[in-house]
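> Got a file for you: query.txt, compact mmCIF, N, CA and C atoms.
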```
# COMPACT_ATOMS: atom_id res chain seq x y z
N MET A 26 -0.82 -31.27 32.99
CA MET A 26 -0.92 -29.98 32.37
C MET A 26 -2.13 -30.01 31.43
N ASP A 27 -2.98 -29.03 31.58
CA ASP A 27 -4.15 -28.90 30.71
C ASP A 27 -3.97 -27.68 29.81
N MET A 28 -4.33 -27.83 28.57
CA MET A 28 -4.22 -26.72 27.62
C MET A 28 -5.46 -26.70 26.74
N THR A 29 -5.78 -25.50 26.28
CA THR A 29 -6.86 -25.33 25.32
C THR A 29 -6.32 -24.52 24.14
N PHE A 30 -6.45 -25.05 22.95
CA PHE A 30 -6.03 -24.36 21.74
C PHE A 30 -7.28 -24.03 20.92
N THR A 31 -7.37 -22.78 20.49
CA THR A 31 -8.51 -22.35 19.70
C THR A 31 -8.00 -21.70 18.42
N ASN A 32 -8.50 -22.16 17.30
CA ASN A 32 -8.13 -21.60 16.01
C ASN A 32 -9.25 -20.68 15.57
N LYS A 33 -9.02 -19.38 15.61
CA LYS A 33 -10.06 -18.40 15.29
C LYS A 33 -10.04 -18.01 13.82
N ALA A 34 -11.21 -17.73 13.29
CA ALA A 34 -11.31 -17.13 11.97
C ALA A 34 -10.89 -15.67 12.08
N MET A 35 -10.32 -15.12 11.01
CA MET A 35 -9.89 -13.73 11.04
C MET A 35 -10.96 -12.82 10.44
N SER A 36 -11.09 -11.64 11.02
CA SER A 36 -12.05 -10.64 10.55
C SER A 36 -11.53 -9.26 10.91
N GLY A 37 -12.28 -8.24 10.57
CA GLY A 37 -11.90 -6.88 10.95
C GLY A 37 -10.62 -6.40 10.29
N PHE A 38 -10.45 -6.69 9.01
CA PHE A 38 -9.23 -6.32 8.31
C PHE A 38 -9.17 -4.83 8.02
N ALA A 39 -7.97 -4.28 8.13
CA ALA A 39 -7.72 -2.87 7.78
C ALA A 39 -6.28 -2.76 7.31
N ILE A 40 -6.00 -1.74 6.50
CA ILE A 40 -4.65 -1.52 6.01
C ILE A 40 -4.28 -0.06 6.21
N GLN A 41 -3.00 0.18 6.49
CA GLN A 41 -2.50 1.55 6.62
C GLN A 41 -1.11 1.60 6.02
N LEU A 42 -0.82 2.67 5.30
CA LEU A 42 0.50 2.88 4.71
C LEU A 42 1.17 4.04 5.42
N ASN A 43 2.45 3.89 5.73
CA ASN A 43 3.20 5.01 6.30
C ASN A 43 3.37 6.09 5.23
N LYS A 44 3.72 7.30 5.67
CA LYS A 44 4.06 8.35 4.72
C LYS A 44 5.13 7.79 3.79
N ASN A 45 5.08 8.18 2.52
CA ASN A 45 6.04 7.65 1.56
C ASN A 45 6.35 8.69 0.50
N SER A 46 7.36 8.41 -0.31
CA SER A 46 7.88 9.38 -1.28
C SER A 46 6.85 9.86 -2.28
N LEU A 47 5.88 9.03 -2.63
CA LEU A 47 4.91 9.39 -3.67
C LEU A 47 3.52 9.65 -3.13
N GLY A 48 3.36 9.70 -1.83
CA GLY A 48 2.06 9.99 -1.24
C GLY A 48 1.02 8.90 -1.45
N LEU A 49 1.48 7.65 -1.63
CA LEU A 49 0.54 6.55 -1.84
C LEU A 49 -0.29 6.30 -0.59
N THR A 50 -1.58 6.11 -0.80
CA THR A 50 -2.51 5.81 0.29
C THR A 50 -3.65 4.99 -0.30
N PRO A 51 -4.29 4.12 0.50
CA PRO A 51 -5.42 3.36 -0.04
C PRO A 51 -6.55 4.31 -0.46
N ALA A 52 -7.13 4.07 -1.63
CA ALA A 52 -8.23 4.90 -2.11
C ALA A 52 -9.54 4.51 -1.45
N ALA A 53 -9.58 3.32 -0.87
CA ALA A 53 -10.79 2.81 -0.20
C ALA A 53 -10.37 1.84 0.89
N PRO A 54 -11.24 1.58 1.85
CA PRO A 54 -10.90 0.62 2.91
C PRO A 54 -10.63 -0.77 2.33
N LEU A 55 -9.83 -1.54 3.03
CA LEU A 55 -9.53 -2.91 2.65
C LEU A 55 -10.80 -3.75 2.79
N GLN A 56 -11.17 -4.42 1.71
CA GLN A 56 -12.39 -5.24 1.70
C GLN A 56 -12.00 -6.71 1.63
N VAL A 57 -12.15 -7.42 2.74
CA VAL A 57 -11.91 -8.86 2.80
C VAL A 57 -13.17 -9.51 3.32
N GLN A 58 -13.68 -10.49 2.58
CA GLN A 58 -14.89 -11.17 3.02
C GLN A 58 -14.61 -11.85 4.35
N ALA A 59 -15.37 -11.49 5.36
CA ALA A 59 -15.13 -12.02 6.71
C ALA A 59 -16.27 -12.94 7.09
N PRO A 60 -16.03 -13.93 7.90
CA PRO A 60 -14.71 -14.26 8.43
C PRO A 60 -13.88 -15.04 7.41
N LEU A 61 -12.57 -14.89 7.52
CA LEU A 61 -11.64 -15.67 6.72
C LEU A 61 -11.31 -16.90 7.55
N ASP A 62 -11.86 -18.03 7.15
CA ASP A 62 -11.73 -19.25 7.94
C ASP A 62 -10.30 -19.74 8.00
N PRO A 63 -9.94 -20.46 9.06
CA PRO A 63 -8.60 -21.03 9.17
C PRO A 63 -8.26 -21.88 7.95
N GLY A 64 -7.09 -21.67 7.39
CA GLY A 64 -6.65 -22.41 6.22
C GLY A 64 -7.13 -21.83 4.90
N ALA A 65 -8.01 -20.85 4.93
CA ALA A 65 -8.54 -20.24 3.70
C ALA A 65 -7.60 -19.15 3.20
N SER A 66 -7.68 -18.88 1.90
CA SER A 66 -6.91 -17.80 1.29
C SER A 66 -7.84 -16.95 0.45
N VAL A 67 -7.50 -15.69 0.33
CA VAL A 67 -8.28 -14.79 -0.52
C VAL A 67 -7.31 -13.79 -1.15
N GLU A 68 -7.53 -13.47 -2.43
CA GLU A 68 -6.71 -12.47 -3.11
C GLU A 68 -7.48 -11.16 -3.15
N VAL A 69 -6.79 -10.07 -2.85
CA VAL A 69 -7.42 -8.76 -2.79
C VAL A 69 -6.55 -7.76 -3.55
N SER A 70 -7.16 -6.93 -4.37
CA SER A 70 -6.46 -5.83 -5.03
C SER A 70 -6.83 -4.54 -4.32
N ILE A 71 -5.83 -3.74 -4.05
CA ILE A 71 -6.06 -2.48 -3.35
C ILE A 71 -5.78 -1.33 -4.31
N ILE A 72 -6.76 -0.49 -4.52
CA ILE A 72 -6.57 0.69 -5.37
C ILE A 72 -5.89 1.76 -4.52
N LEU A 73 -4.80 2.30 -5.05
CA LEU A 73 -4.05 3.33 -4.33
C LEU A 73 -4.25 4.68 -5.00
N SER A 74 -4.18 5.72 -4.20
CA SER A 74 -4.20 7.08 -4.74
C SER A 74 -2.92 7.78 -4.29
N THR A 75 -2.66 8.94 -4.83
CA THR A 75 -1.45 9.70 -4.48
C THR A 75 -1.81 10.94 -3.68
N THR A 76 -2.81 10.83 -2.83
CA THR A 76 -3.27 11.98 -2.04
C THR A 76 -2.78 11.93 -0.59
N GLY A 77 -1.92 10.99 -0.27
CA GLY A 77 -1.44 10.84 1.10
C GLY A 77 -0.30 11.78 1.43
N ALA A 78 0.12 11.72 2.69
CA ALA A 78 1.24 12.54 3.15
C ALA A 78 2.53 12.06 2.49
N VAL A 79 3.42 13.00 2.21
CA VAL A 79 4.67 12.69 1.52
C VAL A 79 5.84 12.79 2.49
N GLN A 80 6.71 11.80 2.41
CA GLN A 80 7.96 11.82 3.18
C GLN A 80 8.99 11.05 2.37
N ARG A 81 10.15 11.63 2.18
CA ARG A 81 11.19 10.97 1.37
C ARG A 81 11.62 9.66 2.02
N MET A 82 11.60 8.59 1.22
CA MET A 82 12.01 7.27 1.69
C MET A 82 13.30 6.89 0.99
N ASP A 83 14.02 5.95 1.56
CA ASP A 83 15.23 5.43 0.95
C ASP A 83 15.14 3.92 0.90
N PRO A 84 14.99 3.33 -0.27
CA PRO A 84 14.89 3.94 -1.59
C PRO A 84 13.55 4.65 -1.79
N LEU A 85 13.45 5.44 -2.84
CA LEU A 85 12.26 6.26 -3.07
C LEU A 85 10.98 5.45 -3.17
N ASN A 86 11.07 4.22 -3.68
CA ASN A 86 9.87 3.42 -3.89
C ASN A 86 9.62 2.42 -2.75
N ASN A 87 10.21 2.67 -1.58
CA ASN A 87 9.97 1.84 -0.40
C ASN A 87 8.60 2.18 0.19
N LEU A 88 7.84 1.16 0.53
CA LEU A 88 6.50 1.36 1.08
C LEU A 88 6.36 0.53 2.35
N GLN A 89 6.06 1.18 3.48
CA GLN A 89 5.86 0.49 4.75
C GLN A 89 4.37 0.32 4.99
N VAL A 90 3.97 -0.92 5.29
CA VAL A 90 2.55 -1.28 5.35
C VAL A 90 2.22 -1.92 6.69
N ALA A 91 1.03 -1.63 7.21
CA ALA A 91 0.50 -2.32 8.39
C ALA A 91 -0.86 -2.89 8.01
N ILE A 92 -1.07 -4.17 8.31
CA ILE A 92 -2.36 -4.81 8.09
C ILE A 92 -2.85 -5.33 9.43
N LYS A 93 -4.07 -4.95 9.77
CA LYS A 93 -4.66 -5.30 11.07
C LYS A 93 -5.83 -6.25 10.84
N ASN A 94 -6.01 -7.15 11.81
CA ASN A 94 -7.24 -7.95 11.86
C ASN A 94 -7.57 -8.20 13.33
N ASN A 95 -8.52 -9.07 13.60
CA ASN A 95 -8.96 -9.28 14.98
C ASN A 95 -7.93 -10.01 15.84
N THR A 96 -6.85 -10.51 15.25
CA THR A 96 -5.86 -11.23 16.04
C THR A 96 -4.60 -10.43 16.31
N ASP A 97 -4.19 -9.54 15.39
CA ASP A 97 -2.93 -8.83 15.57
C ASP A 97 -2.77 -7.76 14.49
N VAL A 98 -1.64 -7.06 14.55
CA VAL A 98 -1.25 -6.12 13.50
C VAL A 98 0.05 -6.64 12.91
N PHE A 99 0.13 -6.68 11.60
CA PHE A 99 1.30 -7.20 10.91
C PHE A 99 1.95 -6.07 10.12
N TYR A 100 3.27 -5.92 10.28
CA TYR A 100 4.01 -4.85 9.63
C TYR A 100 4.98 -5.45 8.62
N PHE A 101 5.11 -4.79 7.47
CA PHE A 101 6.10 -5.22 6.50
C PHE A 101 6.42 -4.04 5.57
N ALA A 102 7.50 -4.18 4.84
CA ALA A 102 7.88 -3.17 3.85
C ALA A 102 8.03 -3.86 2.51
N CYS A 103 7.74 -3.13 1.46
CA CYS A 103 7.90 -3.68 0.11
C CYS A 103 8.39 -2.58 -0.82
N ILE A 104 8.92 -2.99 -1.94
CA ILE A 104 9.37 -2.06 -2.96
C ILE A 104 8.30 -2.00 -4.04
N VAL A 105 7.81 -0.80 -4.31
CA VAL A 105 6.76 -0.62 -5.32
C VAL A 105 7.43 -0.47 -6.68
N PRO A 106 7.08 -1.31 -7.66
CA PRO A 106 7.68 -1.18 -8.99
C PRO A 106 7.37 0.21 -9.57
N MET A 107 8.35 0.81 -10.20
CA MET A 107 8.19 2.18 -10.72
C MET A 107 7.09 2.28 -11.78
N ASN A 108 6.85 1.22 -12.55
CA ASN A 108 5.86 1.31 -13.62
C ASN A 108 4.44 1.55 -13.10
N VAL A 109 4.16 1.25 -11.84
CA VAL A 109 2.80 1.47 -11.34
C VAL A 109 2.50 2.95 -11.12
N HIS A 110 3.51 3.79 -11.20
CA HIS A 110 3.31 5.23 -10.99
C HIS A 110 2.99 5.97 -12.28
N PHE A 111 2.96 5.26 -13.39
CA PHE A 111 2.75 5.89 -14.69
C PHE A 111 1.48 5.36 -15.34
N MET A 112 0.88 6.22 -16.17
CA MET A 112 -0.32 5.82 -16.92
C MET A 112 0.11 5.43 -18.33
N GLU A 113 -0.53 4.41 -18.88
CA GLU A 113 -0.20 3.96 -20.22
C GLU A 113 -0.46 5.04 -21.26
N ASP A 114 -1.49 5.84 -21.05
CA ASP A 114 -1.83 6.87 -22.02
C ASP A 114 -1.26 8.23 -21.62
N GLY A 115 -0.33 8.23 -20.67
CA GLY A 115 0.24 9.49 -20.19
C GLY A 115 1.01 10.20 -21.29
N GLN A 116 0.76 11.47 -21.43
CA GLN A 116 1.42 12.26 -22.45
C GLN A 116 1.65 13.65 -21.88
N LEU A 117 2.81 14.23 -22.20
CA LEU A 117 3.14 15.55 -21.69
C LEU A 117 3.67 16.38 -22.85
N ASP A 118 3.19 17.59 -22.96
CA ASP A 118 3.65 18.50 -24.00
C ASP A 118 5.17 18.69 -23.88
N LYS A 119 5.86 18.72 -25.01
CA LYS A 119 7.32 18.82 -25.02
C LYS A 119 7.81 20.04 -24.25
N ARG A 120 7.17 21.20 -24.44
CA ARG A 120 7.60 22.42 -23.74
C ARG A 120 7.42 22.30 -22.23
N VAL A 121 6.30 21.70 -21.82
CA VAL A 121 6.05 21.51 -20.38
C VAL A 121 7.09 20.56 -19.80
N PHE A 122 7.40 19.48 -20.52
CA PHE A 122 8.40 18.53 -20.05
C PHE A 122 9.75 19.21 -19.87
N LEU A 123 10.20 19.95 -20.88
CA LEU A 123 11.51 20.60 -20.80
C LEU A 123 11.55 21.63 -19.68
N SER A 124 10.48 22.37 -19.50
CA SER A 124 10.40 23.36 -18.43
C SER A 124 10.46 22.67 -17.06
N THR A 125 9.69 21.61 -16.91
CA THR A 125 9.68 20.87 -15.65
C THR A 125 11.04 20.25 -15.37
N TRP A 126 11.67 19.70 -16.41
CA TRP A 126 12.97 19.05 -16.27
C TRP A 126 14.01 20.05 -15.77
N LYS A 127 13.98 21.28 -16.29
CA LYS A 127 14.94 22.31 -15.89
C LYS A 127 14.73 22.76 -14.44
N GLU A 128 13.51 22.60 -13.93
CA GLU A 128 13.21 23.02 -12.56
C GLU A 128 13.67 22.02 -11.50
N ILE A 129 14.04 20.81 -11.93
CA ILE A 129 14.48 19.79 -10.97
C ILE A 129 15.84 20.20 -10.42
N PRO A 130 15.97 20.29 -9.08
CA PRO A 130 17.26 20.68 -8.51
C PRO A 130 18.33 19.62 -8.79
N ALA A 131 19.55 20.08 -8.98
CA ALA A 131 20.66 19.16 -9.28
C ALA A 131 21.09 18.40 -8.05
```
For the file at hand, write its structure as C-alpha cells.


Amino acid sequence: MDMTFTNKAMSGFAIQLNKNSLGLTPAAPLQVQAPLDPGASVEVSIILSTTGAVQRMDPLNNLQVAIKNNTDVFYFACIVPMNVHFMEDGQLDKRVFLSTWKEIPA
C-alpha cells in the first residue's frame, strides 16, 4: 500500500455570522496573515457591528459562526457575553429610558 500525506498551510480565511438577536456582523473582513504554516497559531480580534440581519435566537446571546479557509469550512456556536453590547460611557436621559421601558411588550 502506497500513501502520500501532505500538510498544507492554511490561507483564504473568511468569517460569516448567521442572523442573530442583536444583528451582530463583522465590521471588516477577517484578516489573517497567510499562509498560516502547519503548527502555527495567530490571535485575531474581530470588530463587530450591529448592522446585520436580526433573527431571535434562543438564548438571545447565541451566535452561530462559520470560518472558512482553503481546506474546509468550520461551524460553531458561542454565547456572546452581554457586557460586549454596552458602551462604558453609555448614558440615557431618564425620561427617554422610562418611555422606552414602558414600550417593551410584556

> Quick one: distance from atom N of Ile129 in chain A to CA of Leu117 in chain A in Å, one decimal?

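Computing it gives 15.5 Å between the two atoms.
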
> Each residue of range 64-104 of chain A lying at most 6.5 Å from range 46-57 of chain A should get a row with its shortest atom-to-atom pair and the distance in Å to one decimal, counting all atoms listed in the file; could you produce that, ordered by chain and increasing number, as a Markdown table?


```
| residue | atom | partner | partner_atom | distance |
| --- | --- | --- | --- | --- |
| A:Ile71 | C | A:Ala52 | N | 6.2 |
| A:Ile72 | C | A:Ala52 | N | 3.9 |
| A:Leu73 | CA | A:Ala52 | N | 4.2 |
| A:Ser74 | N | A:Thr50 | C | 4.0 |
| A:Thr75 | CA | A:Gly48 | C | 4.0 |
| A:Thr76 | N | A:Gly48 | C | 4.5 |
| A:Gly77 | N | A:Gly48 | C | 3.8 |
| A:Ala78 | C | A:Gly48 | CA | 4.3 |
| A:Val79 | CA | A:Gly48 | CA | 4.7 |
| A:Gln80 | C | A:Ser46 | N | 4.1 |
| A:Arg81 | CA | A:Ser46 | CA | 4.5 |
| A:Met82 | N | A:Ser46 | N | 4.5 |
| A:Leu85 | C | A:Ser46 | CA | 5.4 |
| A:Asn87 | C | A:Ser46 | N | 6.4 |
```

> Between atom C of Pro63 in chain A and atom C of Phe38 in chain A, what is the distance in Å, rounded to a tenth?

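Taking atom C of Pro63 in chain A as the start and atom C of Phe38 in chain A as the end point, the length is 17.1 Å.
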
> Would you compute the distance between atom C of Ala102 in chain A and atom C of Val90 in chain A? Give it in Å to one decimal.

7.4 Å

> I'd like the contact shell of Pro60 in chain A - 8 Å cut-off, only N, CA and C atoms, skipping same-chain residues fewer than 2 positions apart - returned as a ChimeraX atom specification.

/A:34-37,57-58,62-63

> Kindly save the residues from that selection, with N, CA and C atoms included, as a compact mmCIF listing (two decimals), keeping the file's coordinate frame.


```txt
# COMPACT_ATOMS: atom_id res chain seq x y z
N ALA A 34 -11.21 -17.73 13.29
CA ALA A 34 -11.31 -17.13 11.97
C ALA A 34 -10.89 -15.67 12.08
N MET A 35 -10.32 -15.12 11.01
CA MET A 35 -9.89 -13.73 11.04
C MET A 35 -10.96 -12.82 10.44
N SER A 36 -11.09 -11.64 11.02
CA SER A 36 -12.05 -10.64 10.55
C SER A 36 -11.53 -9.26 10.91
N GLY A 37 -12.28 -8.24 10.57
CA GLY A 37 -11.90 -6.88 10.95
C GLY A 37 -10.62 -6.40 10.29
N VAL A 57 -12.15 -7.42 2.74
CA VAL A 57 -11.91 -8.86 2.80
C VAL A 57 -13.17 -9.51 3.32
N GLN A 58 -13.68 -10.49 2.58
CA GLN A 58 -14.89 -11.17 3.02
C GLN A 58 -14.61 -11.85 4.35
N ASP A 62 -11.86 -18.03 7.15
CA ASP A 62 -11.73 -19.25 7.94
C ASP A 62 -10.30 -19.74 8.00
N PRO A 63 -9.94 -20.46 9.06
CA PRO A 63 -8.60 -21.03 9.17
C PRO A 63 -8.26 -21.88 7.95
```

> Any idea what's packed within 7 Å of Leu88 in chain A, counting all atoms listed in the file, ignoring anything in its chain fewer than 6 positions away? Could you give it as a PyMOL selection string?

chain A and resi 42-43+45+101-105

> Chain A: which residues are helix (DSSP H, G or I) by DSSP, as a short mmCIF file (atom, residue, chain, number, x, y, z; two decimals) with N, CA and C atoms, in the frame of the given file?


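Just written: out14.cif:
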```cif
data_model
loop_
_atom_site.label_atom_id
_atom_site.label_comp_id
_atom_site.auth_asym_id
_atom_site.auth_seq_id
_atom_site.Cartn_x
_atom_site.Cartn_y
_atom_site.Cartn_z
N MET A 107 8.35 0.81 -10.20
CA MET A 107 8.19 2.18 -10.72
C MET A 107 7.09 2.28 -11.78
N ASN A 108 6.85 1.22 -12.55
CA ASN A 108 5.86 1.31 -13.62
C ASN A 108 4.44 1.55 -13.10
N VAL A 109 4.16 1.25 -11.84
CA VAL A 109 2.80 1.47 -11.34
C VAL A 109 2.50 2.95 -11.12
N HIS A 110 3.51 3.79 -11.20
CA HIS A 110 3.31 5.23 -10.99
C HIS A 110 2.99 5.97 -12.28
N LYS A 119 5.86 18.72 -25.01
CA LYS A 119 7.32 18.82 -25.02
C LYS A 119 7.81 20.04 -24.25
N ARG A 120 7.17 21.20 -24.44
CA ARG A 120 7.60 22.42 -23.74
C ARG A 120 7.42 22.30 -22.23
N VAL A 121 6.30 21.70 -21.82
CA VAL A 121 6.05 21.51 -20.38
C VAL A 121 7.09 20.56 -19.80
N PHE A 122 7.40 19.48 -20.52
CA PHE A 122 8.40 18.53 -20.05
C PHE A 122 9.75 19.21 -19.87
N LEU A 123 10.20 19.95 -20.88
CA LEU A 123 11.51 20.60 -20.80
C LEU A 123 11.55 21.63 -19.68
N SER A 124 10.48 22.37 -19.50
CA SER A 124 10.40 23.36 -18.43
C SER A 124 10.46 22.67 -17.06
N THR A 125 9.69 21.61 -16.91
CA THR A 125 9.68 20.87 -15.65
C THR A 125 11.04 20.25 -15.37
N TRP A 126 11.67 19.70 -16.41
CA TRP A 126 12.97 19.05 -16.27
C TRP A 126 14.01 20.05 -15.77
N LYS A 127 13.98 21.28 -16.29
CA LYS A 127 14.94 22.31 -15.89
C LYS A 127 14.73 22.76 -14.44
N GLU A 128 13.51 22.60 -13.93
CA GLU A 128 13.21 23.02 -12.56
C GLU A 128 13.67 22.02 -11.50
#
```

> Let's see if you can do this: from backbone DSSP, list all strand (DSSP E or B) residues in range 26-128 of chain A, as a count of residues only.

26

> List every protein, DNA or RNA residue with an atom no more than 9 Å from (-0.4, -3.9, 5.7) in the file's coordinates, counting only C-alpha atoms, and format the result as a count of residues only.

14
